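Visitor: work-v6.txt is the file, holding compact mmCIF, N, CA and C atoms:
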# COMPACT_ATOMS: atom_id res chain seq x y z
N MET A 23 97.92 101.37 105.12
CA MET A 23 96.79 101.10 104.25
C MET A 23 97.30 100.62 102.89
N LYS A 24 96.61 99.68 102.33
CA LYS A 24 97.01 99.07 101.06
C LYS A 24 96.56 99.91 99.86
N TYR A 25 97.40 99.94 98.85
CA TYR A 25 97.11 100.66 97.60
C TYR A 25 96.60 99.69 96.53
N THR A 26 95.84 100.23 95.59
CA THR A 26 95.49 99.54 94.36
C THR A 26 96.30 100.22 93.27
N TYR A 27 96.94 99.43 92.43
CA TYR A 27 97.83 99.97 91.39
C TYR A 27 97.18 99.85 90.01
N TYR A 28 97.46 100.83 89.16
CA TYR A 28 96.94 100.86 87.80
C TYR A 28 98.07 101.23 86.84
N ALA A 29 98.04 100.63 85.67
CA ALA A 29 98.99 100.97 84.61
C ALA A 29 98.21 101.41 83.38
N TYR A 30 98.73 102.40 82.71
CA TYR A 30 98.14 102.88 81.46
C TYR A 30 98.47 101.87 80.37
N VAL A 31 97.42 101.23 79.83
CA VAL A 31 97.61 100.20 78.80
C VAL A 31 96.53 100.38 77.73
N PRO A 32 96.81 101.15 76.69
CA PRO A 32 95.83 101.31 75.61
C PRO A 32 95.53 99.96 74.95
N ILE A 33 94.40 99.87 74.30
CA ILE A 33 94.00 98.64 73.62
C ILE A 33 95.12 98.20 72.69
N GLY A 34 95.49 96.94 72.78
CA GLY A 34 96.55 96.39 71.96
C GLY A 34 97.93 96.54 72.57
N GLY A 35 98.02 97.27 73.68
CA GLY A 35 99.31 97.48 74.33
C GLY A 35 99.59 96.39 75.36
N HIS A 36 100.78 96.44 75.93
CA HIS A 36 101.19 95.49 76.96
C HIS A 36 101.57 96.27 78.21
N VAL A 37 101.20 95.74 79.34
CA VAL A 37 101.41 96.44 80.61
C VAL A 37 102.87 96.84 80.83
N MET A 38 103.82 96.05 80.37
CA MET A 38 105.23 96.38 80.57
C MET A 38 105.69 97.55 79.69
N GLU A 39 104.84 98.00 78.78
CA GLU A 39 105.15 99.15 77.93
C GLU A 39 104.47 100.42 78.43
N THR A 40 103.93 100.37 79.64
CA THR A 40 103.17 101.50 80.17
C THR A 40 104.00 102.77 80.25
N THR A 41 103.34 103.89 80.13
CA THR A 41 103.99 105.18 80.28
C THR A 41 103.50 105.90 81.53
N CYS A 42 102.60 105.24 82.28
CA CYS A 42 102.02 105.88 83.46
C CYS A 42 101.61 104.84 84.48
N LEU A 43 102.08 105.00 85.71
CA LEU A 43 101.65 104.17 86.84
C LEU A 43 100.93 105.06 87.84
N VAL A 44 99.80 104.56 88.33
CA VAL A 44 98.99 105.29 89.30
C VAL A 44 98.68 104.34 90.45
N ARG A 45 98.65 104.87 91.66
CA ARG A 45 98.20 104.06 92.78
C ARG A 45 97.11 104.81 93.53
N HIS A 46 96.25 104.04 94.18
CA HIS A 46 95.08 104.63 94.85
C HIS A 46 94.85 103.96 96.19
N ARG A 47 94.50 104.76 97.15
CA ARG A 47 93.92 104.30 98.40
C ARG A 47 92.78 105.27 98.67
N PRO A 48 91.81 104.90 99.46
CA PRO A 48 90.65 105.79 99.63
C PRO A 48 91.04 107.25 99.88
N GLY A 49 90.56 108.11 98.98
CA GLY A 49 90.80 109.54 99.09
C GLY A 49 92.08 110.06 98.47
N VAL A 50 92.96 109.18 97.98
CA VAL A 50 94.25 109.63 97.47
C VAL A 50 94.62 108.89 96.20
N PHE A 51 94.97 109.65 95.16
CA PHE A 51 95.58 109.11 93.95
C PHE A 51 96.98 109.67 93.85
N GLU A 52 97.92 108.82 93.44
CA GLU A 52 99.30 109.24 93.24
C GLU A 52 99.82 108.67 91.93
N LYS A 53 100.66 109.45 91.25
CA LYS A 53 101.29 109.04 90.00
C LYS A 53 102.79 108.92 90.24
N TYR A 54 103.42 107.92 89.63
CA TYR A 54 104.86 107.75 89.76
C TYR A 54 105.55 108.66 88.75
N VAL A 55 106.33 109.61 89.27
CA VAL A 55 107.01 110.59 88.42
C VAL A 55 108.44 110.80 88.93
N LYS A 56 109.41 110.58 88.05
CA LYS A 56 110.82 110.85 88.35
C LYS A 56 111.26 110.24 89.68
N GLY A 57 110.89 108.99 89.89
CA GLY A 57 111.39 108.26 91.04
C GLY A 57 110.61 108.40 92.33
N LYS A 58 109.46 109.09 92.27
CA LYS A 58 108.68 109.21 93.50
C LYS A 58 107.18 109.29 93.17
N TRP A 59 106.38 109.03 94.17
CA TRP A 59 104.93 109.10 94.03
C TRP A 59 104.48 110.51 94.38
N VAL A 60 103.72 111.14 93.47
CA VAL A 60 103.23 112.51 93.68
C VAL A 60 101.70 112.52 93.63
N ASP A 61 101.13 113.45 94.37
CA ASP A 61 99.68 113.60 94.43
C ASP A 61 99.13 113.84 93.02
N ALA A 62 98.07 113.10 92.66
CA ALA A 62 97.50 113.20 91.32
C ALA A 62 95.98 112.96 91.36
N PRO A 63 95.24 113.90 91.93
CA PRO A 63 93.80 113.70 92.09
C PRO A 63 93.02 113.58 90.79
N GLN A 64 93.61 114.00 89.68
CA GLN A 64 92.91 113.96 88.39
C GLN A 64 92.59 112.54 87.92
N PHE A 65 93.17 111.53 88.55
CA PHE A 65 92.95 110.16 88.11
C PHE A 65 91.71 109.51 88.71
N PHE A 66 90.85 110.29 89.40
CA PHE A 66 89.61 109.74 89.94
C PHE A 66 88.76 109.11 88.84
N SER A 67 88.95 109.55 87.61
CA SER A 67 88.14 109.04 86.49
C SER A 67 88.35 107.55 86.26
N ILE A 68 89.45 106.99 86.76
CA ILE A 68 89.67 105.54 86.65
C ILE A 68 88.55 104.81 87.38
N LEU A 69 88.16 105.30 88.55
CA LEU A 69 87.17 104.61 89.37
C LEU A 69 85.76 104.68 88.82
N VAL A 70 85.45 105.73 88.08
CA VAL A 70 84.10 105.87 87.53
C VAL A 70 83.99 105.34 86.11
N GLY A 71 85.06 104.74 85.60
CA GLY A 71 85.02 104.12 84.29
C GLY A 71 85.19 105.08 83.13
N ALA A 72 85.51 106.33 83.42
CA ALA A 72 85.66 107.31 82.35
C ALA A 72 87.02 107.21 81.65
N ASP A 73 87.96 106.52 82.26
CA ASP A 73 89.29 106.37 81.67
C ASP A 73 89.61 104.88 81.64
N ASP A 74 89.16 104.21 80.60
CA ASP A 74 89.28 102.75 80.56
C ASP A 74 90.59 102.27 79.94
N ASP A 75 91.55 103.15 79.74
CA ASP A 75 92.87 102.73 79.28
C ASP A 75 93.78 102.32 80.44
N PHE A 76 93.25 102.39 81.67
CA PHE A 76 94.03 101.97 82.84
C PHE A 76 93.58 100.59 83.27
N GLU A 77 94.57 99.75 83.53
CA GLU A 77 94.35 98.36 83.91
C GLU A 77 94.86 98.16 85.34
N GLU A 78 94.06 97.53 86.19
CA GLU A 78 94.51 97.25 87.56
C GLU A 78 95.60 96.19 87.51
N ILE A 79 96.67 96.42 88.25
CA ILE A 79 97.79 95.47 88.28
C ILE A 79 98.18 95.20 89.73
N GLU A 80 98.93 94.14 89.94
CA GLU A 80 99.44 93.79 91.26
C GLU A 80 100.57 94.73 91.65
N GLU A 81 100.74 94.95 92.94
CA GLU A 81 101.82 95.79 93.43
C GLU A 81 103.18 95.26 92.97
N SER A 82 103.34 93.94 92.94
CA SER A 82 104.61 93.35 92.53
C SER A 82 104.95 93.70 91.07
N LEU A 83 103.94 93.76 90.21
CA LEU A 83 104.17 94.13 88.82
C LEU A 83 104.52 95.61 88.71
N ALA A 84 103.86 96.44 89.51
CA ALA A 84 104.19 97.87 89.52
C ALA A 84 105.64 98.06 89.94
N LYS A 85 106.07 97.34 90.96
CA LYS A 85 107.46 97.43 91.41
C LYS A 85 108.43 96.95 90.33
N LYS A 86 108.05 95.91 89.59
CA LYS A 86 108.90 95.40 88.52
C LYS A 86 109.06 96.47 87.42
N ILE A 87 107.96 97.12 87.06
CA ILE A 87 108.00 98.16 86.04
C ILE A 87 108.93 99.29 86.49
N ILE A 88 108.82 99.68 87.76
CA ILE A 88 109.67 100.74 88.30
C ILE A 88 111.12 100.30 88.32
N ASP A 89 111.36 99.10 88.82
CA ASP A 89 112.74 98.58 88.94
C ASP A 89 113.44 98.44 87.58
N GLU A 90 112.67 98.13 86.54
CA GLU A 90 113.26 97.98 85.22
C GLU A 90 113.42 99.31 84.49
N GLY A 91 113.07 100.41 85.17
CA GLY A 91 113.26 101.74 84.59
C GLY A 91 112.36 102.02 83.41
N LYS A 92 111.15 101.45 83.43
CA LYS A 92 110.24 101.60 82.29
C LYS A 92 109.57 102.96 82.23
N LEU A 93 109.65 103.74 83.30
CA LEU A 93 108.98 105.03 83.34
C LEU A 93 109.98 106.16 83.37
N GLN A 94 109.57 107.31 82.89
CA GLN A 94 110.42 108.52 82.91
C GLN A 94 110.52 109.05 84.31
Just dump the structure as structure tokens.
Guide:
Amino acid sequence: MKYTYYAYVPIGGHVMETTCLVRHRPGVFEKYVKGKWVDAPQFFSILVGADDDFEEIEESLAKKIIDEGKLQ
């Protein structure tokens, strides 16, 4: 099943400066932490518009951010 990827990008920020990557497939949210994807159900607010600092990004961009070591 395909994921939708999101990056935390506050207003005025740039996606490559993100401090948080999240991916979603129906029923599951995961956050990238210390080199792996972990269950993170608290991010459901992205889908209902309550957390508008997250921007949908392509999987290839998410992989680039990970590969460049941009996240802790």
Visitor: Measure the distance from atom CA of A:Gly57 to atom CA of A:Lys24 in Å and round it to one decimal.
Guide: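 Calculated distance between atom CA of A:Gly57 and atom CA of A:Lys24 is 19.8 Å.
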Visitor: Show me the residues close to (92.6, 103.5, 84.9) - anything with an atom within 8 Å, counting only C-alpha atoms - and format the list as a list in words.
Guide: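 Here the neighbourhood of the point contains Tyr28, Ala29, Tyr30, Val44, Phe65, Ser67, Ile68, Leu69, Gly71, Asp73, Asp74, Asp75, Phe76, Glu77 and Glu78 of chain A.
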Visitor: Expressed in Å to a single decimal, how great is the separation between atom CA of A:Glu39 and atom CA of A:Pro63?
Guide: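 About the pair atom CA of A:Glu39 and atom CA of A:Pro63: they are 23.3 Å apart.
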Visitor: Please provide the set of residues having any atom within 9 Å of A:Val50, restricted to only C-alpha atoms, with same-chain residues fewer than 5 positions apart removed, written as a PyMOL selection string.
Guide: chain A and resi 45+61-63+66
Visitor: Do a neighbour search on A:Ile88 at 9 Å with only C-alpha atoms, toss out local chain neighbours closer than 4 positions, and write the hits as an mmCIF file with N, CA and C atoms, in the frame of the given file.
Guide:
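Dumped to around04.cif:
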data_model
loop_
_atom_site.group_PDB
_atom_site.id
_atom_site.type_symbol
_atom_site.label_atom_id
_atom_site.label_comp_id
_atom_site.auth_asym_id
_atom_site.auth_seq_id
_atom_site.Cartn_x
_atom_site.Cartn_y
_atom_site.Cartn_z
ATOM 1 N N LEU A 43 102.080 105.000 85.710
ATOM 2 C CA LEU A 43 101.650 104.170 86.840
ATOM 3 C C LEU A 43 100.930 105.060 87.840
ATOM 4 N N TYR A 54 103.420 107.920 89.630
ATOM 5 C CA TYR A 54 104.860 107.750 89.760
ATOM 6 C C TYR A 54 105.550 108.660 88.750
ATOM 7 N N GLY A 57 110.890 108.990 89.890
ATOM 8 C CA GLY A 57 111.390 108.260 91.040
ATOM 9 C C GLY A 57 110.610 108.400 92.330
ATOM 10 N N LEU A 83 103.940 93.760 90.210
ATOM 11 C CA LEU A 83 104.170 94.130 88.820
ATOM 12 C C LEU A 83 104.520 95.610 88.710
ATOM 13 N N ALA A 84 103.860 96.440 89.510
ATOM 14 C CA ALA A 84 104.190 97.870 89.520
ATOM 15 C C ALA A 84 105.640 98.060 89.940
ATOM 16 N N LYS A 92 111.150 101.450 83.430
ATOM 17 C CA LYS A 92 110.240 101.600 82.290
ATOM 18 C C LYS A 92 109.570 102.960 82.230
ATOM 19 N N LEU A 93 109.650 103.740 83.300
ATOM 20 C CA LEU A 93 108.980 105.030 83.340
ATOM 21 C C LEU A 93 109.980 106.160 83.370
#
Visitor: In Å, how far is it from atom C of A:Val37 to atom N of A:Ile79?
Guide: 9.7 Å
Visitor: Which residue, A:Glu80, A:His46, A:Glu52, A:Lys86, has the smallest gap to A:Thr26 when you use only N, CA and C atoms?
Guide: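 Selected residue with least distance to A:Thr26: A:His46.
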Visitor: Among stretch 48-92 of chain A, which ones does DSSP assign to helix (DSSP H, G or I) (computed from the backbone)? Answer as a list in words.
Guide: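 Going through stretch 48-92 of chain A, the helix (DSSP H, G or I) residues come out as Pro63, Gln64, Phe65, Phe66, Ser67, Ile68, Glu81, Ser82, Leu83, Ala84, Lys85, Lys86, Ile87, Ile88 and Asp89 of chain A.
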Visitor: Go ahead and write the selection's residues with N, CA and C atoms as a PDB file, in the coordinates of the input.
Guide:
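As written to disk, selection.pdb reads:
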ATOM      1  N   PRO A  63      95.240 113.900  91.930  1.00  0.00           N
ATOM      2  CA  PRO A  63      93.800 113.700  92.090  1.00  0.00           C
ATOM      3  C   PRO A  63      93.020 113.580  90.790  1.00  0.00           C
ATOM      4  N   GLN A  64      93.610 114.000  89.680  1.00  0.00           N
ATOM      5  CA  GLN A  64      92.910 113.960  88.390  1.00  0.00           C
ATOM      6  C   GLN A  64      92.590 112.540  87.920  1.00  0.00           C
ATOM      7  N   PHE A  65      93.170 111.530  88.550  1.00  0.00           N
ATOM      8  CA  PHE A  65      92.950 110.160  88.110  1.00  0.00           C
ATOM      9  C   PHE A  65      91.710 109.510  88.710  1.00  0.00           C
ATOM     10  N   PHE A  66      90.850 110.290  89.400  1.00  0.00           N
ATOM     11  CA  PHE A  66      89.610 109.740  89.940  1.00  0.00           C
ATOM     12  C   PHE A  66      88.760 109.110  88.840  1.00  0.00           C
ATOM     13  N   SER A  67      88.950 109.550  87.610  1.00  0.00           N
ATOM     14  CA  SER A  67      88.140 109.040  86.490  1.00  0.00           C
ATOM     15  C   SER A  67      88.350 107.550  86.260  1.00  0.00           C
ATOM     16  N   ILE A  68      89.450 106.990  86.760  1.00  0.00           N
ATOM     17  CA  ILE A  68      89.670 105.540  86.650  1.00  0.00           C
ATOM     18  C   ILE A  68      88.550 104.810  87.380  1.00  0.00           C
ATOM     19  N   GLU A  81     100.740  94.950  92.940  1.00  0.00           N
ATOM     20  CA  GLU A  81     101.820  95.790  93.430  1.00  0.00           C
ATOM     21  C   GLU A  81     103.180  95.260  92.970  1.00  0.00           C
ATOM     22  N   SER A  82     103.340  93.940  92.940  1.00  0.00           N
ATOM     23  CA  SER A  82     104.610  93.350  92.530  1.00  0.00           C
ATOM     24  C   SER A  82     104.950  93.700  91.070  1.00  0.00           C
ATOM     25  N   LEU A  83     103.940  93.760  90.210  1.00  0.00           N
ATOM     26  CA  LEU A  83     104.170  94.130  88.820  1.00  0.00           C
ATOM     27  C   LEU A  83     104.520  95.610  88.710  1.00  0.00           C
ATOM     28  N   ALA A  84     103.860  96.440  89.510  1.00  0.00           N
ATOM     29  CA  ALA A  84     104.190  97.870  89.520  1.00  0.00           C
ATOM     30  C   ALA A  84     105.640  98.060  89.940  1.00  0.00           C
ATOM     31  N   LYS A  85     106.070  97.340  90.960  1.00  0.00           N
ATOM     32  CA  LYS A  85     107.460  97.430  91.410  1.00  0.00           C
ATOM     33  C   LYS A  85     108.430  96.950  90.330  1.00  0.00           C
ATOM     34  N   LYS A  86     108.050  95.910  89.590  1.00  0.00           N
ATOM     35  CA  LYS A  86     108.900  95.400  88.520  1.00  0.00           C
ATOM     36  C   LYS A  86     109.060  96.470  87.420  1.00  0.00           C
ATOM     37  N   ILE A  87     107.960  97.120  87.060  1.00  0.00           N
ATOM     38  CA  ILE A  87     108.000  98.160  86.040  1.00  0.00           C
ATOM     39  C   ILE A  87     108.930  99.290  86.490  1.00  0.00           C
ATOM     40  N   ILE A  88     108.820  99.680  87.760  1.00  0.00           N
ATOM     41  CA  ILE A  88     109.670 100.740  88.300  1.00  0.00           C
ATOM     42  C   ILE A  88     111.120 100.300  88.320  1.00  0.00           C
ATOM     43  N   ASP A  89     111.360  99.100  88.820  1.00  0.00           N
ATOM     44  CA  ASP A  89     112.740  98.580  88.940  1.00  0.00           C
ATOM     45  C   ASP A  89     113.440  98.440  87.580  1.00  0.00           C
TER      46      ASP A  89
END
Visitor: Got a sec to tell me which of chain A DSSP assigns to strand (DSSP E), as a PDB file with N, CA and C atoms, in the frame of the given file?
Guide:
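Here's the written file selection-v9.pdb:
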ATOM      1  N   THR A  26      95.840 100.230  95.590  1.00  0.00           N
ATOM      2  CA  THR A  26      95.490  99.540  94.360  1.00  0.00           C
ATOM      3  C   THR A  26      96.300 100.220  93.270  1.00  0.00           C
ATOM      4  N   TYR A  27      96.940  99.430  92.430  1.00  0.00           N
ATOM      5  CA  TYR A  27      97.830  99.970  91.390  1.00  0.00           C
ATOM      6  C   TYR A  27      97.180  99.850  90.010  1.00  0.00           C
ATOM      7  N   TYR A  28      97.460 100.830  89.160  1.00  0.00           N
ATOM      8  CA  TYR A  28      96.940 100.860  87.800  1.00  0.00           C
ATOM      9  C   TYR A  28      98.070 101.230  86.840  1.00  0.00           C
ATOM     10  N   ALA A  29      98.040 100.630  85.670  1.00  0.00           N
ATOM     11  CA  ALA A  29      98.990 100.970  84.610  1.00  0.00           C
ATOM     12  C   ALA A  29      98.210 101.410  83.380  1.00  0.00           C
ATOM     13  N   TYR A  30      98.730 102.400  82.710  1.00  0.00           N
ATOM     14  CA  TYR A  30      98.140 102.880  81.460  1.00  0.00           C
ATOM     15  C   TYR A  30      98.470 101.870  80.370  1.00  0.00           C
ATOM     16  N   LEU A  43     102.080 105.000  85.710  1.00  0.00           N
ATOM     17  CA  LEU A  43     101.650 104.170  86.840  1.00  0.00           C
ATOM     18  C   LEU A  43     100.930 105.060  87.840  1.00  0.00           C
ATOM     19  N   VAL A  44      99.800 104.560  88.330  1.00  0.00           N
ATOM     20  CA  VAL A  44      98.990 105.290  89.300  1.00  0.00           C
ATOM     21  C   VAL A  44      98.680 104.340  90.450  1.00  0.00           C
ATOM     22  N   ARG A  45      98.650 104.870  91.660  1.00  0.00           N
ATOM     23  CA  ARG A  45      98.200 104.060  92.780  1.00  0.00           C
ATOM     24  C   ARG A  45      97.110 104.810  93.530  1.00  0.00           C
ATOM     25  N   HIS A  46      96.250 104.040  94.180  1.00  0.00           N
ATOM     26  CA  HIS A  46      95.080 104.630  94.850  1.00  0.00           C
ATOM     27  C   HIS A  46      94.850 103.960  96.190  1.00  0.00           C
ATOM     28  N   ARG A  47      94.500 104.760  97.150  1.00  0.00           N
ATOM     29  CA  ARG A  47      93.920 104.300  98.400  1.00  0.00           C
ATOM     30  C   ARG A  47      92.780 105.270  98.670  1.00  0.00           C
ATOM     31  N   VAL A  50      92.960 109.180  97.980  1.00  0.00           N
ATOM     32  CA  VAL A  50      94.250 109.630  97.470  1.00  0.00           C
ATOM     33  C   VAL A  50      94.620 108.890  96.200  1.00  0.00           C
ATOM     34  N   PHE A  51      94.970 109.650  95.160  1.00  0.00           N
ATOM     35  CA  PHE A  51      95.580 109.110  93.950  1.00  0.00           C
ATOM     36  C   PHE A  51      96.980 109.670  93.850  1.00  0.00           C
ATOM     37  N   GLU A  52      97.920 108.820  93.440  1.00  0.00           N
ATOM     38  CA  GLU A  52      99.300 109.240  93.240  1.00  0.00           C
ATOM     39  C   GLU A  52      99.820 108.670  91.930  1.00  0.00           C
ATOM     40  N   LYS A  53     100.660 109.450  91.250  1.00  0.00           N
ATOM     41  CA  LYS A  53     101.290 109.040  90.000  1.00  0.00           C
ATOM     42  C   LYS A  53     102.790 108.920  90.240  1.00  0.00           C
ATOM     43  N   TYR A  54     103.420 107.920  89.630  1.00  0.00           N
ATOM     44  CA  TYR A  54     104.860 107.750  89.760  1.00  0.00           C
ATOM     45  C   TYR A  54     105.550 108.660  88.750  1.00  0.00           C
ATOM     46  N   VAL A  55     106.330 109.610  89.270  1.00  0.00           N
ATOM     47  CA  VAL A  55     107.010 110.590  88.420  1.00  0.00           C
ATOM     48  C   VAL A  55     108.440 110.800  88.930  1.00  0.00           C
ATOM     49  N   LYS A  58     109.460 109.090  92.270  1.00  0.00           N
ATOM     50  CA  LYS A  58     108.680 109.210  93.500  1.00  0.00           C
ATOM     51  C   LYS A  58     107.180 109.290  93.170  1.00  0.00           C
ATOM     52  N   TRP A  59     106.380 109.030  94.170  1.00  0.00           N
ATOM     53  CA  TRP A  59     104.930 109.100  94.030  1.00  0.00           C
ATOM     54  C   TRP A  59     104.480 110.510  94.380  1.00  0.00           C
ATOM     55  N   VAL A  60     103.720 111.140  93.470  1.00  0.00           N
ATOM     56  CA  VAL A  60     103.230 112.510  93.680  1.00  0.00           C
ATOM     57  C   VAL A  60     101.700 112.520  93.630  1.00  0.00           C
ATOM     58  N   ASP A  61     101.130 113.450  94.370  1.00  0.00           N
ATOM     59  CA  ASP A  61      99.680 113.600  94.430  1.00  0.00           C
ATOM     60  C   ASP A  61      99.130 113.840  93.020  1.00  0.00           C
ATOM     61  N   PHE A  76      93.250 102.390  81.670  1.00  0.00           N
ATOM     62  CA  PHE A  76      94.030 101.970  82.840  1.00  0.00           C
ATOM     63  C   PHE A  76      93.580 100.590  83.270  1.00  0.00           C
ATOM     64  N   GLU A  77      94.570  99.750  83.530  1.00  0.00           N
ATOM     65  CA  GLU A  77      94.350  98.360  83.910  1.00  0.00           C
ATOM     66  C   GLU A  77      94.860  98.160  85.340  1.00  0.00           C
ATOM     67  N   GLU A  78      94.060  97.530  86.190  1.00  0.00           N
ATOM     68  CA  GLU A  78      94.510  97.250  87.560  1.00  0.00           C
ATOM     69  C   GLU A  78      95.600  96.190  87.510  1.00  0.00           C
ATOM     70  N   ILE A  79      96.670  96.420  88.250  1.00  0.00           N
ATOM     71  CA  ILE A  79      97.790  95.470  88.280  1.00  0.00           C
ATOM     72  C   ILE A  79      98.180  95.200  89.730  1.00  0.00           C
TER      73      ILE A  79
END
Visitor: Let me have the centre and edge lengths of the axis-aligned box enclosing all listed atoms of stretch 74-80 of chain A with 5 Å padding on every side, in Å to one decimal, as JSON.
Guide:
{"center_x": 94.9, "center_y": 99.0, "center_z": 85.5, "size_x": 21.4, "size_y": 20.4, "size_z": 22.4}
Visitor: With distances taken over all atoms listed in the file, which residue among A:Gly35, A:Tyr25, A:Lys85, A:Gly91 lies nearest A:Pro48?
Guide: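 When distances to A:Pro48 are compared using all atoms listed in the file, the smallest one comes from A:Tyr25.
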Visitor: Which residue is closest to A:Ile87? Choose from A:Val60, A:Val70, A:Val55, A:Met38 and count only N, CA and C atoms.
Guide: A:Met38
